[in-house]
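Okay, so here's the structure we're looking at.
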Amino acid sequence: MSSTAQNLASSRIAALLDENSFVEIGAAVTARATDFNMNNTDTPSDGVVTGYGVINDSLVYVYSQDASVLGGSMGEMHAKKITRIYDMAMKMGAPVIGLIDCAGLRLQEASDALNAFGELYLKQSLASGVVPQITAVFGNCGGGMAVASAMSDFTFMESKKGKLFVNSPNALAGNDAAKCDTSAAKFQSEEVGIVDVVAEEAELIAQIRELVSMLPANNEDDLSYADCEDDLNRVCADLEASAADPAIALPMISDDGVFFETKAEYGKDMVTGFIKLNGTTVGAVANRSTLYDEEGNAVEQFNAEISARGCEKAASFVKFCDAFNIPVLTLTNAAGFKATKCTEKKIAKAAAALTAAFAEADVPKVNVITGKAFGSAYVTMNSKGLGADMVYAWPNAQIGMMDAKLAVKVMYPEADAKELREKAAAYAELQNSVASAAKRGYVDTVIDAQDTRKYVIGAFEMLFTKREDRPGKKHGTV
């Protein structure tokens, strides 16, 4: 490996891990293939540095690809080094982090390279739900390696040099990179939804370290707890005013303002991410009605509607939390599903996936209704009927089939304006109020918005030892 490449591949590992903690494995491995002049080609470390180290004193396994060795392409020995790392990670119960710079399949090795990808995919599938998997795309992530990246739990992407694609932009009929760069971080994060975080390299590495520090090491031994010095009964005075944008509200609830958002650029009507409550990592899923920029200006409106992309994003997140025994908190403000022709193509299937994710999750689940909770959109958002353990609601929340004015127009199509107003007021009191929902047991407690933090912390402490039996089955199919 050239000194420049060695420095690049190894320096990324050095920057990621705690100082002087990296131990390399398989440094002497080279390619075995001899066809197409490969016997005269130097392949030091077969283009990938593998080993283990620690992040904030927690064990992780890592591999870093070197683009100077045959483009960082995947070959037989290259894959064997990575799969060995996976084997060790599953035995020891520690996350796997891949630093990607790969041209894809190694053409000189043909079927051996194809088999190599298959072996990698198998290990990723076996490790899924056992140890967290993180990939970070620093250069090319092409062809089969794009599939490997999508199979990981979280994907990070360098904003300028990262390229993620199965087919390159120029290979798409009627397209080229200048017209629409489908491999760019912007496209992959905003349109595809694979990428969780986009940043420059130094910030990207810092974000990976932050995420690893919040996650359990594996699905059995949870090391994600931390001491909490924040007041457990802290009043969140501005929470109700900020509820329209959960990216602002969730840090208010969290210990010391900690919030790690996932897939921020995809399905923006839904916010997902990790917070800390009394030192415990909690997964948060929340409906967004307004997106604010850093200056506090409203830049996009969502009308508390849930999109297909939002459902897909949240379903994947809830499944991850359930697999790793991470409690789930929802902030619900759902007036309905987004109604557009494009959304209609996918919304039923996407909503079904989110519904199943919440229903199947047996981790502690707490729901706080902050605004509207109407129709099947509300049911999908971790409702009591779907299995939420505790449901809180703010005093001004609305819970029911639909907005009262719309409901009475359907029920009384011949009524005049005065009668409609009277009927709407009655419907709102009898069917859409927090009080009516609480009387039926669909809301456990009505709480002031500013007291949300202490109530949800108390609920998760009570639910800490939750055990729930489910029907014996291989897996769901939704």
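Chain lettering (A, B, ...) mirrors the order of the structure tokens, residue numbering begins at 1 for each chain separately, and ligand numbering begins at 1 in order of display.
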Contacts of range 199-297 of chain A with range 362-380 of chain A up to 10 Å, shortest pair per row, only C-alpha atoms, as a Markdown table:
| residue | atom | partner | partner_atom | distance |
| --- | --- | --- | --- | --- |
| A:Leu239 | CA | A:Thr370 | CA | 10.0 |
| A:Glu240 | CA | A:Thr370 | CA | 7.9 |
| A:Ala243 | CA | A:Thr370 | CA | 7.1 |
| A:Ala244 | CA | A:Gly371 | CA | 8.8 |
| A:Val282 | CA | A:Pro364 | CA | 9.6 |
| A:Gly283 | CA | A:Lys365 | CA | 9.6 |
| A:Ala284 | CA | A:Val366 | CA | 9.7 |
| A:Val285 | CA | A:Asn367 | CA | 9.4 |
| A:Ala286 | CA | A:Val368 | CA | 9.4 |
| A:Asn287 | CA | A:Thr370 | CA | 9.5 |
| A:Ser289 | CA | A:Gly371 | CA | 9.9 |
Any chance you could tabulate, as a tab-separated table, the residues of range 152-269 of chain A at most 12 Å from range 74-90 of chain A with each one's nearest atom pair and distance in Å to one decimal, using only C-alpha atoms, in chain and rising number order?
residue	atom	partner	partner_atom	distance
A:Ala217	CA	A:Ala89	CA	9.8
A:Asn218	CA	A:Met90	CA	8.4
A:Asn219	CA	A:Met90	CA	10.3
A:Glu220	CA	A:Met90	CA	11.3
Expected answer as number ranges by chain: strand (DSSP E or B) residues in range 246-393 of chain A: A: 259-262, 270-277, 280-287, 290-292, 298-301, 305-306, 328-334, 336-337, 365-374, 390-393
Residues from the last selection, C-alpha atoms, saved as a short mmCIF file (atom, residue, chain, number, x, y, z; two decimals), in the first residue's frame:
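To be explicit, this is the file written out as out.cif:
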data_model
loop_
_atom_site.label_atom_id
_atom_site.label_comp_id
_atom_site.auth_asym_id
_atom_site.auth_seq_id
_atom_site.Cartn_x
_atom_site.Cartn_y
_atom_site.Cartn_z
CA PHE A 259 -30.24 14.77 20.30
CA PHE A 260 -28.84 12.73 17.42
CA GLU A 261 -31.16 13.01 14.42
CA THR A 262 -31.24 10.29 11.77
CA MET A 270 -41.31 12.81 10.42
CA VAL A 271 -38.41 13.32 12.84
CA THR A 272 -36.43 10.34 14.16
CA GLY A 273 -33.38 10.23 16.39
CA PHE A 274 -31.90 9.40 19.77
CA ILE A 275 -32.22 11.36 22.99
CA LYS A 276 -31.12 10.71 26.57
CA LEU A 277 -33.57 10.45 29.46
CA THR A 280 -30.73 6.12 29.08
CA THR A 281 -30.76 6.19 25.28
CA VAL A 282 -34.31 6.50 23.97
CA GLY A 283 -35.44 6.42 20.35
CA ALA A 284 -37.73 9.30 19.43
CA VAL A 285 -40.30 9.42 16.61
CA ALA A 286 -42.27 12.62 16.13
CA ASN A 287 -44.59 14.28 13.61
CA THR A 290 -43.35 23.13 10.56
CA LEU A 291 -39.65 23.08 9.71
CA TYR A 292 -37.60 25.96 11.13
CA ALA A 298 -40.35 28.76 9.12
CA VAL A 299 -39.04 27.31 5.85
CA GLU A 300 -41.50 24.47 5.16
CA GLN A 301 -45.02 23.48 6.23
CA GLU A 305 -49.69 15.16 7.60
CA ILE A 306 -47.74 11.91 7.42
CA VAL A 328 -39.33 4.41 22.06
CA LEU A 329 -40.94 7.80 22.70
CA THR A 330 -43.40 9.33 20.24
CA LEU A 331 -44.61 12.91 20.04
CA THR A 332 -47.85 12.68 18.09
CA ASN A 333 -49.37 15.48 16.03
CA ALA A 334 -51.03 13.66 13.14
CA GLY A 336 -53.97 12.54 8.59
CA PHE A 337 -51.97 11.08 5.76
CA LYS A 365 -43.30 2.56 24.37
CA VAL A 366 -44.54 5.97 25.53
CA ASN A 367 -46.70 8.33 23.47
CA VAL A 368 -47.25 12.04 24.12
CA ILE A 369 -50.07 13.59 22.07
CA THR A 370 -49.03 17.19 21.54
CA GLY A 371 -51.58 18.36 18.96
CA LYS A 372 -53.96 16.61 16.61
CA ALA A 373 -54.48 12.85 16.71
CA PHE A 374 -56.96 12.08 13.99
CA MET A 390 -48.34 4.87 28.46
CA VAL A 391 -50.16 7.63 26.60
CA TYR A 392 -50.00 11.23 27.78
CA ALA A 393 -51.73 14.20 26.18
#
So which bits of range 220-441 of chain A end up helix (DSSP H, G or I) when you DSSP the backbone, as JSON, numbers by chain? {"A": [239, 240, 241, 242, 246, 247, 248, 249, 250, 251, 252, 253, 255, 256, 257, 308, 309, 310, 311, 312, 313, 314, 315, 316, 317, 318, 319, 320, 321, 322, 323, 341, 342, 343, 344, 347, 348, 349, 350, 351, 352, 353, 354, 355, 356, 357, 358, 359, 360, 375, 376, 377, 378, 379, 380, 404, 405, 406, 407, 408, 409, 410, 411, 417, 418, 419, 420, 421, 422, 423, 424, 425, 426, 427, 428, 429, 430, 434, 435, 436, 437, 438, 439]}
List as JSON, numbers by chain the protein and nucleic acid residues near range 342-357 of chain A, meaning an atom at most 6 Å away when only C-alpha atoms are counted, but skip any in the same chain fewer than 3 places from it. {"A": [308, 311, 312, 315, 319, 360, 380, 478]}
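CA of Ile55 in chain A to CA of Asp221 in chain A spans 16.6 Å [interatomic distance, one decimal].
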Determine, counting only C-alpha atoms, which protein, DNA and RNA residues have an atom within 9 Å of an atom of Ile447 in chain A; residues of the same chain fewer than 4 positions away are not included. Present the result as a PyMOL selection string. chain A and resi 392-395+451-452+455
Quick one: contact table of range 106-131 of chain A to range 153-170 of chain A, 10 Å max, nearest atom pair and distance in Å to one decimal per residue, counting only C-alpha atoms, chain and number order, as a tab-separated table?
residue	atom	partner	partner_atom	distance
A:Ser128	CA	A:Asp153	CA	7.9
A:Gly129	CA	A:Asp153	CA	8.9
A:Val131	CA	A:Asp153	CA	9.5
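The closest residue to Val60 in chain A, picked from A:Ser213, A:Ser11, A:Ser73, A:Gln207 and counting only C-alpha atoms, is A:Ser213.
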Could you please determine the separation between CA of Leu250 in chain A and CA of Asp57 in chain A in Å, to one decimal place? 27.3 Å
I'd like the neighbourhood of Ala67 in chain A as a list in words, where a residue qualifies if any of its atoms comes within 9 Å (using only C-alpha atoms), though same-chain residues fewer than 6 positions away should be ignored. Ala5, Ala9, Gly47, Val48, Ser73, Asp101, Cys102, Ala103, Gly139 and Asn140 of chain A
Atoms kept (C-alpha atoms) for selection, written as a PDB file, in the first residue's frame:
ATOM      1  CA  ALA A   5      -2.975   5.522   0.669  1.00  0.00           C
ATOM      2  CA  ALA A   9      -6.961   4.554   5.020  1.00  0.00           C
ATOM      3  CA  GLY A  47      -6.865  -2.861  -0.317  1.00  0.00           C
ATOM      4  CA  VAL A  48      -8.514  -2.836   3.098  1.00  0.00           C
ATOM      5  CA  SER A  73     -12.467  -3.023  -5.288  1.00  0.00           C
ATOM      6  CA  ASP A 101     -13.935   3.931  -0.699  1.00  0.00           C
ATOM      7  CA  CYS A 102     -14.675   1.142  -3.177  1.00  0.00           C
ATOM      8  CA  ALA A 103     -15.105   0.910  -6.938  1.00  0.00           C
ATOM      9  CA  GLY A 139     -15.141   8.125  -1.830  1.00  0.00           C
ATOM     10  CA  ASN A 140     -16.807   5.717  -4.233  1.00  0.00           C
TER      11      ASN A 140
END
Which residue gives the smallest distance to Ala359 in chain A among A:Gly441, A:Val434, A:Gly476, A:Asp293, with only C-alpha atoms counted? A:Gly476
Write out as JSON, numbers by chain the residues lying within 7 Å of Ile205 in chain A, counting only C-alpha atoms and excluding same-chain residues fewer than 4 positions away. {"A": [16, 201, 209]}
Nearest to Arg470 in chain A by atom-to-atom distance, counting only C-alpha atoms, from A:Leu120, A:Ile457, A:Ala110, A:Ala361: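 Of the candidates, the smallest distance to Arg470 in chain A is held by A:Ala361.
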Shell of 10 Å around range 189-195 of chain A, only C-alpha atoms, local chain residues under 4 positions omitted, as a PyMOL selection string: chain A and resi 135-137+146+149-157+164+182+184-185+262-268+309+312-313
